[in-house]
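Everything on this sheet refers to the single structure shown next.
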Amino acid sequence: MTWWPWRLTLTRASYPNCHRPTMAVETRGGAARRLLVALGGQQNAGKSTLFNQLTGARQHVANYPGVTVDKKSGRFDHAGHTVDLVDLPGTYGLTSFSLEERVARDFLLLERPDVVANVVDAASLRRSLRLTVQLRELGLRVVVALNMVDVATRNGVTVDAETLAERLGARVVPTIGRRGVGVGALKDAIVAEDATDGAAPPLTIDYGALEPAIASVCAALAPTPGLADHCPPRWLAVRLLEDDDEAVRLVKTHVRDPTPVLDAVAAARAAFEAAERVSVAERVSVADQVASCRERAVRAIEHDVVRRPGRGDRSWSERIDTVILNRWAAPAVLLAVIFAVYELSIVQGYALTQYTWPALAWLRAGAAELLPAPGFLYDPLVRGLGLWLVDSANTLLNYVPIFLILFAVIAVLEDSGYMARIAVILDRLLHRFGLHGQSTLPYILSGVFAGGCAVPGVMATKGIPDQRARMATILTAPFMNCLAKVPLYTLLLGVFFADAMSLMMFYIATITLLAALLVAKLLSVTVLRGYETAPFIMELPHYHWPTVRGVALRAFERTWVYIQKVGTVVIAVAVVVFILLHLPGLDRAEQQAFEVRATAAIADFQAAIAGTPYAERARGPALVTLANAYVVHRAARLAGGRQAADAVVARRFAAWRDVLVPGRDRAARTVNRALRRLTSARRTIRREMRETRIENSLLGRLGRGLEPVTRAAGFDWKINVALLSSFAARESSVATLGVLFQDGVDDHLTLEQRLARDGADDASDAGNAGDESGGGGRTALMALAVILFFALYPPCLATTIMVRVQTGSYRWMAFSILFPTALGLGMASLAYSIGRGLGIDAVSLMTAIYLAALAAVVVIGIASDRPGRGRPEPAVAARPTPDAAAG
């Protein structure tokens with residue numbers, strides 16, 4: 001391909017992060033330029049580490065248009081030039097076999113970067129060169145970063161960089177990315193390569209018997225010279241002969257009449273296959289010929305430039321793998337790593353929230369102080385909505401410590417090389433259910449047993465290369481037992497299953513995993529059937545020591561992406577939920593009833609303080625201020641102690657200090673006692689108003705409207721409202737039940753006692769002979785139905801937003817809500833109906849459901865392991881040796 005001494009730059013619309021002037025003419029002389037450089041390489045070659053070394057903190061993460069693959073870009077200045085660096089997805093080639101390969105190839109073809117910096121692993125050079133030769137066949141300006149030379153040296157491998165540069169026709173720079181060695185030389189080489197007049201001609205590989213077919217296709221392409229501006233004709237001819245869809249689309253786009261060209265391609269392909277047919281049943285395809293010839297070329301280059309020790313010497317990675325991948329030790333090591341990930345990210349990260357939450361609470365208090373003050377009964381709309389949005393944001397921001405630790409641990413596992421081993425160990429089991437070896441981590445983080453969180457679990461699916469398995473993991477990870485589900489489980493088990501609490505908790509903790517496997521299998525053979533799959537190919541990288549800088553950069557970078565993407569969407573959704581909970585509000589009669597009670601409470605207060613010096617001051621707006629001051633003072637005292645509360649009073653309510661902090665003044669103490677009774681009555685009235693508002697709200701009416709549907713599962717409108725409200729946050733289900741089951745008579749009872757009382761009343765009314773004691777059989781069955789529904793219930797608001805972020809589709813976000821709702825309600829209704837119809841107690845019914853699910857998993861797992869079923873067996877090189885399978 002010819003490089004002209006000038007060219008037109010891309011518009012900002014085609015590559016917005018470059019900020020390059022539209023249609024500006026640039027020269028390749030000595031003047032300062034703005035360069036577009038692509039950083040390419042296969043996974044585990046240290047590409048991300050080099051990217052961080054080159055760009056530092058000047059990075060931006062987005063998505064490639066139309067897909068969910070990360071587009072990470074950065075910038076650095078060198079020798080008077082500004083370089084926009086784009087980190088391409090890790091890939092082993094430029095075929096259209098996987099989404100990552102298509103994204104990388106499309107970027108190279110459409111954006112035409114000035115230089116491609118190709119990161120290769122010096123310790124496993126042959127594996128890396130498969131991509132390098134394809135880049136050179138494409139006619140791109142390539143600078144090879146020969147990375148991990150320290151690992152190669154430690155393994156006794158030496159690479160002749162000068163000979164490698166001659167064979168490839170590209171500059172080669174030895175680097176040690178994690179130490180920053182060679183980074184400056186790499187920048188020099190990138191700028192020097194761009195300044196060179198004319199690029200090295202595309203690398204030509206001898207494809208043997210395929211050469212006549214390539215020549216005939218090139219002849220058919222010759223009348224369309226415009227194609228040469230997009231890619232070398234020889235490269236396009238090879239891709240067309242391989243029947244590559246993207247190459248065919250390129251011809252149809254740029255050739256006025258593509259039929260003759262495509263006919264010539266088909267004829268050349270048929271002639272080659274007819275000539276190379278081995279037997280009637282076996283033939284050599286074009287793809288086989290291309291792969292074998294390209295592999296032969298790679299081996300020849302490796303033979304000329306690599307010197308390695310004798311066969312008897314084993315590398316440290318091989319020695320470690322004798323333990324890590326041992327048939328018996330591998331599961332134990334994996335369990336230990338899983339426990340460490342869970343302990344560090346979820347448990348310790350959650351423990352850190354006790355330090356972050358006070359800061360968030362302080363921010364909320366500051367927002368409450370800035371917003372209009374609350375009224376005695378009614379709060380201004382601005383205050384109510386403002387605090388609702390602050391609380392919604394705080395709910396998400398409180399996860400930040402978990403995410404920071406989580407992403408740091410993931411980066412350590414990735415950089416060390418163990419993440420690939422996890423996928424290898426578990427893929428054989430998981431792929432029988434349409435999942436992938438890398439589905440393990442999302443399930444762990446979501447709470448395989450109890451205590452996880454689905455938000456980081458869904459976020460962790462980004463690294464799964466199989467699109468069908470990735471979608472199945474995204475849609476089933478929320479079935480796991482996140483920490484927010486535990487309060488409701490604990491509540492119901494303590495009330496209705498006290499004698500079998502341990503057994504029921506075991507069932508709940510494990511049946512969700514069984515359900516996830518079964519649902520993943522169902523989805524993979526139905527709605528996800530059209531998604532692309534990829535054979536599980538995993539060539540294990542060498543072990544490395546992660547760098548603190550690289551781990552920290554990725555942890556902060558990914559956490560910031562979470563805050564940006566989730567935080568912007570949650571505000572809009574929170575407004576919708578707020579409206580559903582507050583409209584249409586209380587009717588006039590209800591308002592008058594509450595106002596009468598408030599007036600009576602104020603009158604009692606005035607009577608109690610009559611004759612004191614404060615009687616005339618504590619009236620009208622001043623009384624509302626005093627009541628608010630008492631609430632703020634009490635909250636401050638509970639949160640920060642007496643001194644903090646006194647400081648708040650001195651700063652905001654100095655005029656009422658004598659009443660709020662009474663000394664020995666008898667009048668002040670009298671007012672303080674009366675104020676305590678007034679605020680207690682006010683709190684009760686406002687709580688009942690909230691309960692009535694919820695019942696009358698659109699969400700409450702929806703709960704009543706759903707009763708005919710949910711009655712089959714034993715749910716009444718209160719249960720419906722609690723489940724609907726838990727969509728915003730799982731923890732709110734218990735809080736909502738606490739409001740809905742208050743009646744103003746037995747407020748001294750705990751929620752568990754009130755639920756047990758109501759269950760006993762229901763059992764008495766039903767009069768069923770098979771009812772259990774302690775809540776009644778019908779109510780125990782209802783509790784079991786709630787547990788089953790809650791286990792399969794749609795993900796919470798934050799998780800559904802993350803589903804939207806990871807899938808890039810509102811359709812899948814809606815599916816993640818509707819499908820689990822239908823599935824959960826169906827299972828709950830079936831269990832409740834069978835229990836009532838056959839007179840089976842709830843514990844026995846749960847045992848039967850669990851055994852049925854376990855049997856289904858075993859049968860499907862065995863059936864899916866038959867030859868010819870599921871994905872191909874993984875082509876895995878257990879060690880990164882030069883004889884590793886190409887996959």
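Lettering and numbering for the structure tokens are positional, with chains as A, B, ... in the shown order, residues counted from 1 in each chain, and ligands counted from 1 in the shown order.
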Excluding Asn720 (chain A) and its own-chain neighbours fewer than 6 positions away, which residues fall within 9 Å of it when counting only C-alpha atoms? Please give them as JSON, numbers by chain. {"A": [700, 702, 703, 704, 706, 707, 710]}
Output all heavy atoms for every residue in the selection just made, as a CSV table (one decimal), in the first residue's frame.
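File written: selection-v5.csv
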chain,number,residue,atom,x,y,z
A,700,GLY,N,-49.0,1.6,45.3
A,700,GLY,CA,-49.9,0.9,46.2
A,700,GLY,C,-51.1,0.3,45.5
A,700,GLY,O,-51.6,-0.8,45.7
A,702,LEU,N,-51.2,-0.4,42.4
A,702,LEU,CA,-50.7,-1.5,41.6
A,702,LEU,C,-50.6,-2.8,42.4
A,702,LEU,O,-50.9,-3.9,41.9
A,702,LEU,CB,-49.3,-1.1,41.0
A,702,LEU,CG,-48.6,-2.2,40.1
A,702,LEU,CD1,-49.5,-2.5,38.9
A,702,LEU,CD2,-47.2,-1.7,39.7
A,703,GLY,N,-50.2,-2.6,43.7
A,703,GLY,CA,-50.2,-3.8,44.6
A,703,GLY,C,-51.5,-4.4,44.7
A,703,GLY,O,-51.7,-5.6,44.7
A,704,ARG,N,-52.5,-3.5,44.9
A,704,ARG,CA,-53.9,-4.1,45.1
A,704,ARG,C,-54.4,-4.6,43.7
A,704,ARG,O,-55.1,-5.6,43.7
A,704,ARG,CB,-54.8,-3.0,45.6
A,704,ARG,CG,-54.7,-2.6,47.0
A,704,ARG,CD,-55.8,-1.8,47.5
A,704,ARG,NE,-55.7,-1.5,49.0
A,704,ARG,CZ,-56.1,-2.4,49.9
A,704,ARG,NH1,-56.6,-3.5,49.6
A,704,ARG,NH2,-55.9,-2.0,51.2
A,706,LEU,N,-52.7,-6.1,41.6
A,706,LEU,CA,-52.0,-7.4,41.3
A,706,LEU,C,-52.6,-8.5,42.2
A,706,LEU,O,-52.2,-9.7,41.9
A,706,LEU,CB,-50.5,-7.2,41.5
A,706,LEU,CG,-49.8,-6.4,40.5
A,706,LEU,CD1,-48.3,-6.2,40.9
A,706,LEU,CD2,-49.9,-7.0,39.1
A,707,GLU,N,-53.4,-8.2,43.1
A,707,GLU,CA,-53.8,-9.3,44.0
A,707,GLU,C,-54.5,-10.4,43.3
A,707,GLU,O,-54.3,-11.6,43.7
A,707,GLU,CB,-54.8,-8.7,45.1
A,707,GLU,CG,-54.1,-8.1,46.3
A,707,GLU,CD,-55.0,-7.8,47.4
A,707,GLU,OE1,-56.2,-7.4,47.2
A,707,GLU,OE2,-54.6,-7.9,48.6
A,710,THR,N,-51.5,-12.4,42.1
A,710,THR,CA,-50.6,-13.0,43.1
A,710,THR,C,-51.3,-13.8,44.1
A,710,THR,O,-50.7,-14.4,45.0
A,710,THR,CB,-49.8,-11.8,43.7
A,710,THR,OG1,-50.8,-10.9,44.4
A,710,THR,CG2,-49.1,-11.0,42.7
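Shell of region 684-694 of chain A at 6 Å, with only C-alpha atoms counted and residues fewer than 2 places along the chain excluded, is Leu581, Gly585, Leu586, Ala681, Arg682, Asn696, Ser697 and Gly700 of chain A.
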Any chance you could export the current selection's N, CA and C atoms as a compact mmCIF listing (two decimals), in the first residue's frame?
# COMPACT_ATOMS: atom_id res chain seq x y z
N LEU A 581 -44.58 6.58 44.20
CA LEU A 581 -44.87 6.42 45.62
C LEU A 581 -45.61 7.61 46.23
N GLY A 585 -51.41 10.88 46.19
CA GLY A 585 -51.34 11.45 47.53
C GLY A 585 -52.60 11.20 48.34
N LEU A 586 -52.72 11.94 49.45
CA LEU A 586 -53.87 11.79 50.34
C LEU A 586 -55.07 12.57 49.79
N ALA A 681 -45.77 12.27 69.00
CA ALA A 681 -47.07 12.26 68.32
C ALA A 681 -46.91 12.64 66.85
N ARG A 682 -46.07 13.62 66.59
CA ARG A 682 -45.84 14.04 65.20
C ARG A 682 -45.25 12.89 64.39
N ASN A 696 -52.38 4.49 48.95
CA ASN A 696 -53.13 5.22 47.93
C ASN A 696 -52.30 5.54 46.69
N SER A 697 -51.00 5.35 46.75
CA SER A 697 -50.13 5.73 45.65
C SER A 697 -50.34 4.83 44.44
N GLY A 700 -48.99 1.58 45.34
CA GLY A 700 -49.90 0.86 46.23
C GLY A 700 -51.11 0.33 45.48
Can you work out which one of A:Val255, A:Ala791, A:Ala123, A:Val115 has the shortest atom-to-atom distance to Leu823 (chain A), counting only C-alpha atoms? A:Ala791
Residue contacts of Phe605 (chain A) (12 Å, only C-alpha atoms) excluding same-chain residues fewer than 4 positions away, as a list of chain:residue names: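 After dropping sequence-adjacent residues, the list is A:Ala598, A:Thr599, A:Ala600, A:Ala601, A:Ile609, A:Ala610, A:Thr612, A:Tyr614, A:Ala615, A:Ala618, A:Arg619, A:Leu623, A:Ala627, A:Thr670, A:Val671, A:Asn672, A:Arg673, A:Ala674, A:Leu675, A:Arg676, A:Arg677, A:Leu678, A:Thr679, A:Ser680, A:Ala681, A:Arg682.
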Can you list, as a ChimeraX atom specification, all residues belonging to region 128-195 of chain A that DSSP tags as helix (DSSP H, G or I)? /A:128-137,149-154,161-168,177-179,183-195
Keeping only N, CA and C atoms, write the selected residues to a file as a compact mmCIF listing (two decimals), in the first residue's frame.
# COMPACT_ATOMS: atom_id res chain seq x y z
N SER A 128 2.35 -14.77 20.05
CA SER A 128 2.13 -13.36 19.74
C SER A 128 2.30 -13.05 18.27
N LEU A 129 3.21 -13.76 17.61
CA LEU A 129 3.50 -13.43 16.21
C LEU A 129 2.34 -13.74 15.27
N ARG A 130 1.42 -14.58 15.69
CA ARG A 130 0.27 -14.87 14.82
C ARG A 130 -0.52 -13.61 14.52
N LEU A 131 -0.63 -12.71 15.50
CA LEU A 131 -1.29 -11.43 15.27
C LEU A 131 -0.37 -10.47 14.52
N THR A 132 0.90 -10.50 14.85
CA THR A 132 1.84 -9.56 14.23
C THR A 132 1.89 -9.74 12.72
N VAL A 133 1.99 -10.98 12.24
CA VAL A 133 2.07 -11.20 10.79
C VAL A 133 0.78 -10.75 10.10
N GLN A 134 -0.36 -10.88 10.79
CA GLN A 134 -1.61 -10.41 10.18
C GLN A 134 -1.65 -8.88 10.10
N LEU A 135 -1.08 -8.21 11.10
CA LEU A 135 -1.00 -6.75 11.04
C LEU A 135 -0.11 -6.31 9.89
N ARG A 136 1.00 -7.01 9.69
CA ARG A 136 1.90 -6.64 8.60
C ARG A 136 1.29 -7.00 7.24
N GLU A 137 0.52 -8.09 7.17
CA GLU A 137 -0.17 -8.40 5.92
C GLU A 137 -1.16 -7.30 5.55
N VAL A 149 10.61 -9.20 28.53
CA VAL A 149 11.92 -9.80 28.26
C VAL A 149 12.55 -10.31 29.55
N ASP A 150 12.15 -9.74 30.69
CA ASP A 150 12.67 -10.25 31.96
C ASP A 150 12.17 -11.65 32.25
N VAL A 151 10.90 -11.90 31.92
CA VAL A 151 10.35 -13.25 32.11
C VAL A 151 11.04 -14.23 31.17
N ALA A 152 11.24 -13.80 29.93
CA ALA A 152 11.93 -14.67 28.97
C ALA A 152 13.34 -15.00 29.45
N THR A 153 14.04 -13.99 29.94
CA THR A 153 15.40 -14.22 30.44
C THR A 153 15.40 -15.17 31.63
N ARG A 154 14.44 -14.99 32.51
CA ARG A 154 14.34 -15.87 33.68
C ARG A 154 14.08 -17.31 33.26
N ALA A 161 16.35 -9.31 18.72
CA ALA A 161 15.43 -8.25 18.31
C ALA A 161 15.77 -7.72 16.92
N GLU A 162 17.06 -7.63 16.59
CA GLU A 162 17.43 -7.09 15.28
C GLU A 162 16.98 -8.01 14.16
N THR A 163 17.19 -9.30 14.31
CA THR A 163 16.74 -10.24 13.28
C THR A 163 15.22 -10.24 13.18
N LEU A 164 14.55 -10.15 14.32
CA LEU A 164 13.09 -10.10 14.31
C LEU A 164 12.59 -8.88 13.54
N ALA A 165 13.25 -7.73 13.72
CA ALA A 165 12.86 -6.53 13.00
C ALA A 165 13.04 -6.71 11.50
N GLU A 166 14.15 -7.37 11.10
CA GLU A 166 14.38 -7.60 9.67
C GLU A 166 13.32 -8.52 9.08
N ARG A 167 12.98 -9.58 9.78
CA ARG A 167 12.01 -10.55 9.26
C ARG A 167 10.61 -9.96 9.15
N LEU A 168 10.25 -9.08 10.08
CA LEU A 168 8.91 -8.51 10.09
C LEU A 168 8.81 -7.22 9.28
N GLY A 177 7.16 -3.89 30.73
CA GLY A 177 6.07 -2.96 30.98
C GLY A 177 5.83 -2.66 32.44
N ARG A 178 5.89 -3.68 33.28
CA ARG A 178 5.53 -3.46 34.69
C ARG A 178 6.58 -2.63 35.42
N ARG A 179 7.79 -2.53 34.86
CA ARG A 179 8.83 -1.70 35.47
C ARG A 179 9.05 -0.39 34.71
N VAL A 183 9.95 2.11 27.87
CA VAL A 183 8.77 2.90 27.49
C VAL A 183 9.19 4.13 26.69
N GLY A 184 10.26 4.79 27.12
CA GLY A 184 10.74 5.95 26.38
C GLY A 184 11.19 5.58 24.98
N ALA A 185 11.92 4.46 24.85
CA ALA A 185 12.36 4.01 23.53
C ALA A 185 11.17 3.66 22.64
N LEU A 186 10.10 3.12 23.26
CA LEU A 186 8.90 2.79 22.49
C LEU A 186 8.25 4.06 21.95
N LYS A 187 8.20 5.11 22.75
CA LYS A 187 7.66 6.38 22.28
C LYS A 187 8.50 6.94 21.13
N ASP A 188 9.83 6.85 21.27
CA ASP A 188 10.71 7.30 20.19
C ASP A 188 10.43 6.53 18.90
N ALA A 189 10.26 5.22 19.01
CA ALA A 189 10.03 4.39 17.83
C ALA A 189 8.70 4.72 17.16
N ILE A 190 7.68 5.01 17.96
CA ILE A 190 6.37 5.35 17.39
C ILE A 190 6.46 6.64 16.58
N VAL A 191 7.09 7.65 17.16
CA VAL A 191 7.22 8.93 16.45
C VAL A 191 8.11 8.77 15.23
N ALA A 192 9.20 8.00 15.36
CA ALA A 192 10.10 7.80 14.22
C ALA A 192 9.42 7.03 13.09
N GLU A 193 8.62 6.03 13.43
CA GLU A 193 7.91 5.27 12.40
C GLU A 193 6.95 6.15 11.64
N ASP A 194 6.26 7.04 12.34
CA ASP A 194 5.33 7.94 11.67
C ASP A 194 6.07 8.92 10.77
N ALA A 195 7.28 9.33 11.15
CA ALA A 195 8.03 10.32 10.39
C ALA A 195 8.69 9.72 9.15
Skipping near chain neighbours, those fewer than 4 positions away, what residues fall within 12 Å of Arg651 (chain A) using only C-alpha atoms, listed as a PyMOL selection string? chain A and resi 369+629+632-633+644-647+655-657
When DSSP is applied to the backbone of this structure, which of region 132-197 of chain A are assigned strand (DSSP E or B)? Write them out as number ranges by chain. A: 142-147, 158-159, 171-174, 176, 181
